[in-house]
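**Student:** Structure file protein_14.csv (CSV, C-alpha atoms) is given on the next line.
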chain,number,residue,atom,x,y,z
A,1,MET,CA,-13.0,-10.5,43.2
A,2,THR,CA,-12.4,-7.5,41.0
A,3,GLY,CA,-9.6,-5.1,41.8
A,4,THR,CA,-10.2,-1.6,43.1
A,5,THR,CA,-7.9,0.1,40.6
A,6,PRO,CA,-10.0,2.2,38.3
A,7,PRO,CA,-9.7,1.7,34.5
A,8,PRO,CA,-7.7,4.2,32.6
A,9,PRO,CA,-9.7,7.2,31.2
A,10,PHE,CA,-11.6,6.8,28.0
A,11,ARG,CA,-9.6,8.2,25.1
A,12,PRO,CA,-11.7,9.1,21.9
A,13,HIS,CA,-8.7,8.5,19.7
A,14,ASP,CA,-8.0,5.0,21.2
A,15,PRO,CA,-11.4,3.9,22.6
A,16,LEU,CA,-10.4,0.3,23.0
A,17,ASP,CA,-7.0,1.0,24.5
A,18,LEU,CA,-5.3,-0.8,21.6
A,19,ASP,CA,-2.0,1.0,22.4
A,20,SER,CA,-1.7,-1.3,25.4
A,21,LEU,CA,-1.4,-4.3,22.9
A,22,LEU,CA,1.7,-2.8,21.3
A,23,SER,CA,5.3,-3.3,22.4
A,24,PRO,CA,7.5,-0.3,23.1
A,25,GLU,CA,9.4,-1.0,19.9
A,26,GLU,CA,6.1,-1.0,17.9
A,27,LEU,CA,5.0,2.3,19.5
A,28,THR,CA,8.4,3.8,18.6
A,29,ILE,CA,8.1,2.8,15.0
A,30,ARG,CA,4.6,4.2,14.8
A,31,ASP,CA,5.5,7.5,16.4
A,32,THR,CA,8.6,7.9,14.3
A,33,VAL,CA,6.7,7.5,11.1
A,34,ARG,CA,3.8,9.7,12.3
A,35,THR,CA,6.3,12.5,13.2
A,36,PHE,CA,8.1,12.1,9.8
A,37,CYS,CA,4.8,12.4,8.0
A,38,ALA,CA,3.7,15.4,10.0
A,39,ASP,CA,6.9,17.3,9.5
A,40,ARG,CA,7.9,16.3,5.9
A,41,ILE,CA,4.7,15.4,4.0
A,42,THR,CA,1.5,16.7,5.6
A,43,PRO,CA,2.2,20.4,5.0
A,44,HIS,CA,2.6,19.8,1.2
A,45,ILE,CA,0.4,16.8,0.4
A,46,ALA,CA,-2.8,18.7,-0.6
A,47,ASP,CA,-0.8,20.8,-3.0
A,48,TRP,CA,0.9,17.8,-4.5
A,49,PHE,CA,-2.4,16.1,-4.9
A,50,GLU,CA,-4.0,19.1,-6.5
A,51,ARG,CA,-1.1,19.4,-8.9
A,52,GLY,CA,-1.2,15.7,-9.7
A,53,GLU,CA,2.5,15.0,-9.0
A,54,LEU,CA,5.0,14.0,-6.4
A,55,PRO,CA,7.9,16.3,-7.2
A,56,VAL,CA,10.1,15.2,-4.4
A,57,ALA,CA,9.7,11.4,-4.7
A,58,ARG,CA,13.4,10.7,-4.9
A,59,GLU,CA,14.2,13.0,-2.0
A,60,LEU,CA,11.5,11.4,0.1
A,61,ALA,CA,12.8,7.9,-0.7
A,62,GLN,CA,16.2,8.9,0.6
A,63,GLU,CA,14.8,10.4,3.8
A,64,MET,CA,12.7,7.3,4.3
A,65,GLY,CA,15.7,5.1,3.8
A,66,LYS,CA,17.5,7.0,6.6
A,67,ILE,CA,14.8,6.1,9.1
A,68,GLY,CA,14.6,2.5,7.9
A,69,LEU,CA,11.2,2.5,6.2
A,70,LEU,CA,12.2,0.9,2.9
A,71,GLY,CA,12.0,-2.9,2.9
A,72,MET,CA,11.8,-2.6,6.7
A,73,HIS,CA,10.3,-6.0,7.2
A,74,LEU,CA,13.1,-7.8,5.3
A,75,GLU,CA,16.2,-9.2,6.8
A,76,GLY,CA,19.8,-8.3,5.9
A,77,TYR,CA,21.2,-6.2,3.0
A,78,GLY,CA,20.7,-3.0,4.9
A,79,CYS,CA,17.0,-3.7,5.7
A,80,ALA,CA,15.7,-3.1,9.2
A,81,GLY,CA,14.2,-6.5,9.8
A,82,THR,CA,11.3,-5.2,11.8
A,83,SER,CA,8.2,-7.3,12.8
A,84,ALA,CA,5.2,-7.6,10.5
A,85,VAL,CA,3.2,-5.5,13.1
A,86,GLY,CA,5.8,-2.8,13.0
A,87,TYR,CA,5.7,-2.7,9.3
A,88,GLY,CA,1.9,-2.5,9.4
A,89,LEU,CA,1.9,0.4,11.8
A,90,ALA,CA,4.3,2.2,9.5
A,91,CYS,CA,1.8,1.6,6.6
A,92,LEU,CA,-1.0,2.9,8.7
A,93,GLU,CA,0.8,6.2,9.5
A,94,LEU,CA,1.9,6.6,5.9
A,95,GLU,CA,-1.6,6.2,4.6
A,96,ALA,CA,-3.1,8.4,7.3
A,97,CYS,CA,-1.0,11.0,5.5
A,98,ASP,CA,-1.8,9.8,1.9
A,99,SER,CA,-2.3,6.5,0.1
A,100,GLY,CA,0.1,7.6,-2.6
A,101,ILE,CA,2.9,7.9,-0.1
A,102,ARG,CA,2.2,4.5,1.4
A,103,SER,CA,2.1,3.1,-2.2
A,104,LEU,CA,5.6,4.4,-2.8
A,105,VAL,CA,6.9,2.5,0.2
A,106,SER,CA,4.8,-0.6,-0.5
A,107,VAL,CA,5.9,-0.9,-4.1
A,108,GLN,CA,9.5,-0.4,-3.1
A,109,GLY,CA,9.6,-2.8,-0.2
A,110,SER,CA,6.8,-5.3,-0.5
A,111,LEU,CA,6.9,-5.8,-4.3
A,112,ALA,CA,10.3,-4.9,-5.9
A,113,MET,CA,12.6,-5.5,-2.9
A,114,PHE,CA,10.6,-8.5,-1.7
A,115,ALA,CA,10.8,-10.2,-5.1
A,116,ILE,CA,14.6,-9.7,-5.3
A,117,HIS,CA,15.0,-10.7,-1.6
A,118,HIS,CA,13.0,-13.9,-1.9
A,119,PHE,CA,13.7,-15.1,-5.4
A,120,GLY,CA,16.8,-13.3,-6.6
A,121,SER,CA,20.4,-14.5,-6.9
A,122,GLU,CA,23.0,-13.4,-4.4
A,123,GLU,CA,24.4,-11.1,-7.1
A,124,GLN,CA,21.0,-9.5,-7.7
A,125,LYS,CA,20.5,-9.0,-3.9
A,126,GLN,CA,23.9,-7.4,-3.4
A,127,GLN,CA,23.6,-5.2,-6.4
A,128,TRP,CA,20.2,-3.8,-5.6
A,129,LEU,CA,18.9,-4.3,-2.1
A,130,PRO,CA,21.3,-2.2,0.0
A,131,ARG,CA,20.8,0.8,-2.4
A,132,MET,CA,17.0,0.3,-2.4
A,133,ALA,CA,16.9,0.1,1.4
A,134,ALA,CA,18.8,3.4,1.6
A,135,GLY,CA,16.5,5.0,-0.9
A,136,GLU,CA,19.4,5.5,-3.3
A,137,ALA,CA,17.7,3.3,-5.9
A,138,ILE,CA,14.0,3.1,-6.5
A,139,GLY,CA,12.2,0.0,-7.8
A,140,CYS,CA,8.9,-0.7,-9.5
A,141,PHE,CA,7.0,-3.9,-10.2
A,142,GLY,CA,5.6,-4.8,-13.6
A,143,LEU,CA,2.8,-7.3,-13.5
A,144,THR,CA,-0.5,-5.6,-14.6
A,145,GLU,CA,-1.0,-5.1,-18.3
A,146,PRO,CA,-3.5,-3.0,-20.3
A,147,ASP,CA,-5.7,-6.0,-21.0
A,148,HIS,CA,-4.8,-8.3,-18.1
A,149,GLY,CA,-5.3,-7.1,-14.5
A,150,SER,CA,-7.1,-9.8,-12.4
A,151,ASP,CA,-5.9,-12.5,-14.8
A,152,PRO,CA,-2.1,-12.2,-14.8
A,153,GLY,CA,-1.7,-15.7,-16.1
A,154,SER,CA,-2.8,-14.4,-19.5
A,155,MET,CA,-0.2,-11.7,-19.7
A,156,ARG,CA,1.2,-11.0,-23.1
A,157,THR,CA,4.6,-9.6,-22.1
A,158,ASN,CA,7.1,-12.3,-23.2
A,159,ALA,CA,10.8,-13.1,-22.8
A,160,ARG,CA,12.6,-15.3,-25.4
A,161,ARG,CA,16.1,-16.7,-25.3
A,162,GLU,CA,18.4,-15.4,-28.0
A,163,GLY,CA,21.9,-16.8,-27.6
A,164,GLY,CA,22.9,-16.4,-24.0
A,165,ASP,CA,20.5,-13.4,-23.5
A,166,TRP,CA,16.9,-12.8,-22.8
A,167,VAL,CA,14.9,-10.4,-25.0
A,168,LEU,CA,11.8,-8.9,-23.5
A,169,ASN,CA,8.8,-7.4,-25.3
A,170,GLY,CA,5.5,-6.1,-23.9
A,171,ARG,CA,3.7,-3.4,-21.9
A,172,LYS,CA,2.8,-3.0,-18.3
A,173,MET,CA,0.2,-0.5,-17.0
A,174,TRP,CA,-0.6,1.3,-13.7
A,175,ILE,CA,2.9,0.9,-12.4
A,176,THR,CA,3.7,3.0,-9.3
A,177,ASN,CA,7.2,4.5,-9.3
A,178,GLY,CA,7.8,3.5,-12.9
A,179,SER,CA,9.0,6.8,-14.3
A,180,ILE,CA,11.4,7.4,-11.5
A,181,ALA,CA,12.6,3.8,-11.0
A,182,ASP,CA,16.2,2.6,-11.4
A,183,VAL,CA,15.1,-1.0,-11.5
A,184,ALA,CA,11.9,-2.8,-12.6
A,185,VAL,CA,10.9,-6.3,-11.6
A,186,VAL,CA,9.1,-7.4,-14.7
A,187,TRP,CA,7.1,-10.6,-15.1
A,188,ALA,CA,6.9,-12.2,-18.5
A,189,GLN,CA,5.8,-15.4,-20.3
A,190,THR,CA,8.7,-17.7,-21.3
A,191,ASP,CA,8.9,-21.2,-22.7
A,192,ASP,CA,9.3,-22.4,-19.2
A,193,GLY,CA,6.3,-20.5,-17.8
A,194,ILE,CA,6.0,-17.1,-16.2
A,195,ARG,CA,9.3,-15.7,-14.9
A,196,GLY,CA,10.6,-12.5,-13.3
A,197,PHE,CA,13.4,-10.4,-14.6
A,198,VAL,CA,15.4,-7.7,-12.9
A,199,VAL,CA,15.5,-4.9,-15.5
A,200,PRO,CA,17.7,-1.8,-15.1
A,201,THR,CA,15.6,1.1,-16.4
A,202,THR,CA,18.6,2.3,-18.4
A,203,ALA,CA,18.4,-0.8,-20.6
A,204,PRO,CA,17.9,0.1,-24.3
A,205,GLY,CA,14.3,-0.4,-25.4
A,206,PHE,CA,12.9,0.3,-21.9
A,207,THR,CA,10.7,3.4,-21.4
A,208,ALA,CA,8.3,4.4,-18.7
A,209,PRO,CA,6.0,7.2,-19.8
A,210,LEU,CA,4.1,9.0,-17.0
A,211,MET,CA,0.4,8.4,-16.8
A,212,HIS,CA,-1.8,11.6,-16.6
A,213,HIS,CA,-5.4,12.5,-15.9
A,214,LYS,CA,-5.8,10.5,-12.7
A,215,MET,CA,-8.4,11.5,-10.3
A,216,SER,CA,-7.0,9.2,-7.5
A,217,LEU,CA,-3.5,8.6,-6.1
A,218,ARG,CA,-2.6,12.0,-7.6
A,219,ALA,CA,0.4,12.5,-5.3
A,220,SER,CA,2.0,9.4,-6.7
A,221,VAL,CA,4.1,8.5,-9.7
A,222,THR,CA,2.1,6.2,-12.0
A,223,SER,CA,3.5,5.0,-15.3
A,224,GLU,CA,3.3,2.6,-18.2
A,225,LEU,CA,6.3,0.3,-18.8
A,226,VAL,CA,7.1,-0.3,-22.5
A,227,LEU,CA,9.6,-3.0,-23.3
A,228,ASP,CA,10.7,-3.0,-26.9
A,229,ASP,CA,13.4,-5.7,-27.6
A,230,VAL,CA,15.0,-5.1,-24.2
A,231,ARG,CA,18.0,-7.4,-24.2
A,232,LEU,CA,19.2,-8.7,-20.8
A,233,PRO,CA,21.9,-11.1,-19.8
A,234,ALA,CA,20.9,-14.6,-18.5
A,235,SER,CA,21.7,-13.4,-15.0
A,236,ALA,CA,18.8,-10.9,-15.1
A,237,ALA,CA,16.2,-13.7,-14.5
A,238,LEU,CA,15.1,-14.4,-11.0
A,239,PRO,CA,16.5,-17.9,-10.5
A,240,ASP,CA,14.4,-19.2,-7.6
A,241,VAL,CA,10.8,-19.1,-8.9
A,242,THR,CA,8.7,-20.0,-12.0
A,243,GLY,CA,5.0,-19.5,-12.5
A,244,LEU,CA,2.4,-17.3,-10.8
A,245,ARG,CA,3.6,-18.2,-7.3
A,246,GLY,CA,6.3,-15.6,-7.6
A,247,PRO,CA,4.2,-12.5,-8.4
A,248,LEU,CA,1.3,-13.6,-6.3
A,249,SER,CA,3.5,-14.0,-3.2
A,250,CYS,CA,4.7,-10.5,-3.7
A,251,LEU,CA,1.2,-9.2,-4.0
A,252,GLY,CA,0.4,-10.9,-0.7
A,253,GLU,CA,3.0,-8.8,0.9
A,254,ALA,CA,1.6,-5.6,-0.6
A,255,ARG,CA,-2.0,-6.6,0.3
A,256,TYR,CA,-0.9,-7.1,3.9
A,257,GLY,CA,0.3,-3.5,4.0
A,258,ILE,CA,-3.0,-2.3,2.6
A,259,VAL,CA,-4.9,-4.0,5.4
A,260,TRP,CA,-3.1,-1.6,7.8
A,261,GLY,CA,-2.8,1.4,5.4
A,262,SER,CA,-6.5,1.6,4.8
A,263,VAL,CA,-7.1,2.0,8.5
A,264,GLY,CA,-4.9,5.0,8.4
A,265,ALA,CA,-7.0,6.8,5.8
A,266,ALA,CA,-10.1,5.9,7.8
A,267,ARG,CA,-8.6,7.1,11.1
A,268,SER,CA,-7.6,10.4,9.6
A,269,SER,CA,-11.1,11.0,8.3
A,270,LEU,CA,-12.6,10.1,11.6
A,271,GLU,CA,-10.3,12.4,13.5
A,272,THR,CA,-11.0,15.2,11.1
A,273,ALA,CA,-14.8,14.7,11.4
A,274,LEU,CA,-14.6,14.5,15.2
A,275,GLU,CA,-12.6,17.8,15.4
A,276,TYR,CA,-14.8,19.5,12.9
A,277,ALA,CA,-18.0,18.4,14.6
A,278,GLY,CA,-16.8,19.8,17.9
A,279,SER,CA,-15.9,23.2,16.6
A,280,ARG,CA,-18.6,23.8,13.9
A,281,GLU,CA,-21.8,25.4,15.3
A,282,GLN,CA,-25.2,25.2,13.8
A,283,PHE,CA,-28.5,26.2,15.5
A,284,GLY,CA,-26.6,27.5,18.5
A,285,ARG,CA,-24.5,24.4,19.4
A,286,PRO,CA,-21.7,22.3,18.0
A,287,LEU,CA,-22.6,19.7,15.4
A,288,ALA,CA,-21.2,17.1,17.8
A,289,GLY,CA,-24.2,17.8,20.1
A,290,PHE,CA,-26.7,16.5,17.7
A,291,GLN,CA,-27.8,12.9,17.9
A,292,LEU,CA,-27.5,12.1,14.2
A,293,THR,CA,-23.9,13.4,14.2
A,294,GLN,CA,-23.1,11.4,17.3
A,295,ALA,CA,-24.5,8.3,15.6
A,296,LYS,CA,-22.3,8.8,12.7
A,297,LEU,CA,-19.2,9.3,14.8
A,298,ALA,CA,-20.0,6.2,16.9
A,299,ASP,CA,-20.4,4.1,13.8
A,300,MET,CA,-17.2,5.4,12.3
A,301,ALA,CA,-15.3,4.7,15.5
A,302,LEU,CA,-16.6,1.2,15.6
A,303,GLU,CA,-15.5,0.5,12.0
A,304,VAL,CA,-12.0,2.1,12.4
A,305,HIS,CA,-11.1,0.2,15.5
A,306,GLN,CA,-12.6,-3.1,14.5
A,307,ALA,CA,-10.5,-2.8,11.3
A,308,LEU,CA,-7.4,-2.0,13.4
A,309,LEU,CA,-8.1,-5.0,15.6
A,310,LEU,CA,-8.3,-7.2,12.5
A,311,ALA,CA,-5.0,-5.7,11.1
A,312,LEU,CA,-3.3,-6.3,14.5
A,313,HIS,CA,-4.5,-9.9,14.6
A,314,LEU,CA,-3.3,-10.6,11.1
A,315,GLY,CA,0.0,-9.0,11.9
A,316,ARG,CA,0.5,-11.3,15.0
A,317,LEU,CA,-0.4,-14.3,12.8
A,318,LYS,CA,2.2,-13.2,10.2
A,319,ASP,CA,4.9,-12.7,12.9
A,320,ASN,CA,4.2,-16.2,14.0
A,321,GLY,CA,4.4,-17.6,10.5
A,322,ARG,CA,0.7,-18.6,10.5
A,323,LEU,CA,-0.9,-16.0,8.1
A,324,ARG,CA,-2.6,-17.5,5.0
A,325,ALA,CA,-3.4,-15.7,1.7
A,326,GLU,CA,-7.1,-16.1,2.3
A,327,GLN,CA,-6.8,-14.3,5.6
A,328,ILE,CA,-5.0,-11.4,3.8
A,329,SER,CA,-7.9,-11.3,1.4
A,330,PHE,CA,-10.3,-11.2,4.4
A,331,GLY,CA,-8.4,-8.2,5.8
A,332,LYS,CA,-8.0,-6.2,2.5
A,333,LEU,CA,-11.6,-6.7,1.5
A,334,ASN,CA,-13.0,-5.7,4.9
A,335,ASN,CA,-10.7,-2.9,5.8
A,336,VAL,CA,-10.7,-1.0,2.5
A,337,ARG,CA,-14.5,-1.4,2.1
A,338,GLU,CA,-15.1,-0.1,5.6
A,339,ALA,CA,-12.5,2.7,5.2
A,340,LEU,CA,-14.4,4.0,2.2
A,341,GLY,CA,-17.6,4.0,4.2
A,342,VAL,CA,-15.9,5.9,7.0
A,343,CYS,CA,-14.6,8.5,4.6
A,344,ARG,CA,-17.9,9.0,3.0
A,345,THR,CA,-19.6,9.5,6.3
A,346,ALA,CA,-17.0,11.9,7.5
A,347,ARG,CA,-17.6,13.9,4.3
A,348,THR,CA,-21.2,14.3,5.2
A,349,ILE,CA,-20.3,15.7,8.7
A,350,LEU,CA,-18.1,18.3,7.1
A,351,GLY,CA,-20.8,19.3,4.6
A,352,ALA,CA,-19.6,21.4,1.7
A,353,ASN,CA,-16.2,21.7,3.4
A,354,GLY,CA,-15.8,18.0,3.0
A,355,ILE,CA,-15.0,18.4,-0.7
A,356,SER,CA,-12.2,20.9,0.0
A,357,LEU,CA,-8.5,20.0,0.0
A,358,GLU,CA,-8.3,22.1,3.1
A,359,TYR,CA,-9.4,18.9,4.8
A,360,PRO,CA,-8.0,15.4,3.9
A,361,VAL,CA,-11.4,13.5,3.7
A,362,MET,CA,-12.1,13.9,0.0
A,363,ARG,CA,-8.5,13.1,-0.9
A,364,HIS,CA,-8.7,9.9,1.1
A,365,MET,CA,-12.0,9.0,-0.5
A,366,ALA,CA,-10.6,9.4,-4.0
A,367,ASN,CA,-7.4,7.5,-3.1
A,368,LEU,CA,-9.2,4.6,-1.6
A,369,GLU,CA,-11.1,4.0,-4.9
A,370,SER,CA,-7.7,3.0,-6.3
A,371,VAL,CA,-6.8,1.0,-3.2
A,372,LEU,CA,-10.0,-0.9,-3.5
A,373,THR,CA,-8.9,-2.0,-7.0
A,374,TYR,CA,-5.2,-2.6,-6.9
A,375,GLU,CA,-3.4,-5.6,-5.5
A,376,GLY,CA,-6.7,-7.5,-6.2
A,377,THR,CA,-10.1,-6.1,-6.8
A,378,ALA,CA,-12.8,-6.5,-4.2
A,379,GLU,CA,-14.5,-9.0,-6.5
A,380,MET,CA,-11.3,-11.2,-6.6
A,381,HIS,CA,-11.0,-11.2,-2.8
A,382,ILE,CA,-14.6,-12.1,-2.5
A,383,LEU,CA,-14.1,-15.1,-4.8
A,384,ALA,CA,-10.9,-16.1,-2.9
A,385,LEU,CA,-12.9,-16.2,0.3
A,386,GLY,CA,-15.7,-18.0,-1.4
A,387,LYS,CA,-13.4,-20.7,-2.6
A,388,ALA,CA,-11.8,-21.0,0.9
A,389,LEU,CA,-15.3,-21.3,2.5
A,390,THR,CA,-16.8,-23.7,0.0
A,391,GLY,CA,-13.9,-25.5,-1.6
A,392,ILE,CA,-15.3,-24.6,-5.0
A,393,PRO,CA,-13.4,-22.2,-7.3
A,394,ALA,CA,-15.7,-19.7,-9.1
A,395,PHE,CA,-13.1,-17.6,-10.9
A,396,ARG,CA,-14.2,-18.8,-14.3
A,397,GLY,CA,-17.8,-19.0,-15.3
Can I see the file as structure tokens?
**Tutor:**
Amino acid sequence: MTGTTPPPPFRPHDPLDLDSLLSPEELTIRDTVRTFCADRITPHIADWFERGELPVARELAQEMGKIGLLGMHLEGYGCAGTSAVGYGLACLELEACDSGIRSLVSVQGSLAMFAIHHFGSEEQKQQWLPRMAAGEAIGCFGLTEPDHGSDPGSMRTNARREGGDWVLNGRKMWITNGSIADVAVVWAQTDDGIRGFVVPTTAPGFTAPLMHHKMSLRASVTSELVLDDVRLPASAALPDVTGLRGPLSCLGEARYGIVWGSVGAARSSLETALEYAGSREQFGRPLAGFQLTQAKLADMALEVHQALLLALHLGRLKDNGRLRAEQISFGKLNNVREALGVCRTARTILGANGISLEYPVMRHMANLESVLTYEGTAEMHILALGKALTGIPAFRG
């Protein structure tokens, strides 16, 4: 027999009652990050985006460190050691504010800190991780090159032994945090295969010119890394990994955050469209009263909350040690693609106002074009899933 207790009321912002699937700790993490973004970032983000800069990046990093956001899913060395779902919820709230802000946190924690945490020596961990967790040191991750994005195995950056030292030469491109970083994790070809190096950005021969003229991720520091005979001691090499397994495992961590973060951009756009449609009147009634508008809102709500369910499922798998790389590809491919569609539909509801920075929708649309490409293009994730489904690799024609 069914019980007589009525179901809870329908909530437009949580139509599937997904909050009931989250623990009190997870809800606290989500609400803490949401409040931080609302207080510290949202009032300024449109201006930073329009100006094409993040002028308070270092200050934000320190404030994020104080609330445990940086490297929050790592254990020890000043890191919070939260669950994968908790980290995902933080990424969602950060990207609901702006993809560039989430990128700052992702590159710091899931790329630079993760590489040192998982593959570094104890000396490297002690030197960098506590300061990075506190936001006192900022990291970047040098993998992508001007001519080698989806094919990192063909990178030209190289490291050669010279006496007891390593000497690095090469260039990296599209590097978040590069111009403000204190340390760069740089991947290079060696006689032993691809290896990672912990490079202080004060090393002679290292420069990180800022990249300009971006139309996406404008409220984010994006740089080129130039390594011109950068000499490092033998201890600078990450000792516990050789080959592409190192950088690809780091990318998997960052992709996992994107699975959640893209939902945040979509949710923000949906909420904006829902509020706008309820207050904007045409032909004597709110836009929300027209069937075509309701169809758009219903479809957007379906995609946002299906994407959130997928992210939550992958997060539970990750917390149980069962998440595979192919499943992360599944999540990134679906959620970023659907988030873009939600933002574009939201823009149509806002009409001409949809292109104004007074509203976040166009900013999210522009940012997601970068999110669709970085940490693996949509095409690469399609091929990864194709290989998993058929057993036949199709990366090379």
**Student:** Which is closer to A:Thr377 than all the others in A:Ala288, A:Leu308, A:Ile349, A:Val336, using all atoms listed in the file?
**Tutor:**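 Using all atoms listed in the file, A:Thr377 sits closest to A:Val336.
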**Student:** Which one of A:Gly354, A:Pro12, A:Gly246, A:Gly52 sits closest to A:Ala298 if you count only C-alpha atoms?
**Tutor:**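 Using only C-alpha atoms, the shortest distance to A:Ala298 belongs to A:Pro12.
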**Student:** Tell me, in Å to one decimal, how far atom CA of A:Thr176 is from atom CA of A:Pro130.
**Tutor:**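 Separating atom CA of A:Thr176 from atom CA of A:Pro130 is a distance of 20.6 Å.
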**Student:** May I ask which of the residues A:Met64, A:Leu217, A:Leu251, A:Ile101 is the closest one to A:Met362, counting only C-alpha atoms?
**Tutor:** A:Leu217
**Student:** So, counting all atoms listed in the file, which residue among A:Leu227, A:Ala325, A:Ile180, A:Ala203 is closest to A:Lys387?
**Tutor:** A:Ala325
**Student:** Since the input is missing atoms for stretch 141-154 of chain A, could you rebuild it with N, CA, C and O atoms and give the result as a short mmCIF file (atom, residue, chain, number, x, y, z; two decimals), keeping the file's coordinate frame?
**Tutor:**
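Full text of part.cif as output:
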data_model
loop_
_atom_site.label_atom_id
_atom_site.label_comp_id
_atom_site.auth_asym_id
_atom_site.auth_seq_id
_atom_site.Cartn_x
_atom_site.Cartn_y
_atom_site.Cartn_z
N PHE A 141 7.38 -2.53 -10.06
CA PHE A 141 7.00 -3.90 -10.20
C PHE A 141 6.00 -4.03 -11.34
O PHE A 141 4.89 -3.48 -11.29
N GLY A 142 6.43 -4.69 -12.41
CA GLY A 142 5.60 -4.80 -13.60
C GLY A 142 4.90 -6.07 -13.76
O GLY A 142 5.47 -7.06 -14.22
N LEU A 143 3.63 -6.07 -13.38
CA LEU A 143 2.80 -7.30 -13.50
C LEU A 143 1.53 -6.93 -14.36
O LEU A 143 1.27 -7.54 -15.39
N THR A 144 0.74 -5.95 -13.93
CA THR A 144 -0.50 -5.60 -14.60
C THR A 144 -0.26 -5.12 -16.02
O THR A 144 0.67 -4.36 -16.27
N GLU A 145 -1.12 -5.56 -16.93
CA GLU A 145 -1.00 -5.10 -18.30
C GLU A 145 -2.30 -4.42 -18.75
O GLU A 145 -3.33 -4.51 -18.07
N PRO A 146 -2.27 -3.72 -19.90
CA PRO A 146 -3.50 -3.00 -20.30
C PRO A 146 -4.70 -3.88 -20.45
O PRO A 146 -5.81 -3.42 -20.18
N ASP A 147 -4.54 -5.13 -20.86
CA ASP A 147 -5.70 -6.00 -21.00
C ASP A 147 -5.74 -7.15 -20.03
O ASP A 147 -6.61 -8.03 -20.14
N HIS A 148 -4.84 -7.15 -19.07
CA HIS A 148 -4.80 -8.30 -18.10
C HIS A 148 -4.44 -7.75 -16.74
O HIS A 148 -3.29 -7.45 -16.43
N GLY A 149 -5.50 -7.60 -15.90
CA GLY A 149 -5.30 -7.10 -14.50
C GLY A 149 -5.50 -8.29 -13.56
O GLY A 149 -4.55 -8.84 -13.03
N SER A 150 -6.77 -8.70 -13.38
CA SER A 150 -7.10 -9.80 -12.40
C SER A 150 -6.65 -11.15 -12.91
O SER A 150 -6.66 -12.09 -12.13
N ASP A 151 -6.31 -11.26 -14.18
CA ASP A 151 -5.90 -12.50 -14.80
C ASP A 151 -4.48 -12.47 -15.25
O ASP A 151 -4.21 -12.49 -16.46
N PRO A 152 -3.50 -12.38 -14.33
CA PRO A 152 -2.10 -12.20 -14.80
C PRO A 152 -1.55 -13.37 -15.53
O PRO A 152 -0.58 -13.22 -16.27
N GLY A 153 -2.16 -14.55 -15.37
CA GLY A 153 -1.70 -15.70 -16.10
C GLY A 153 -1.81 -15.58 -17.60
O GLY A 153 -1.17 -16.33 -18.36
N SER A 154 -2.64 -14.63 -18.06
CA SER A 154 -2.80 -14.40 -19.50
C SER A 154 -1.99 -13.27 -20.03
O SER A 154 -2.23 -12.79 -21.14
#
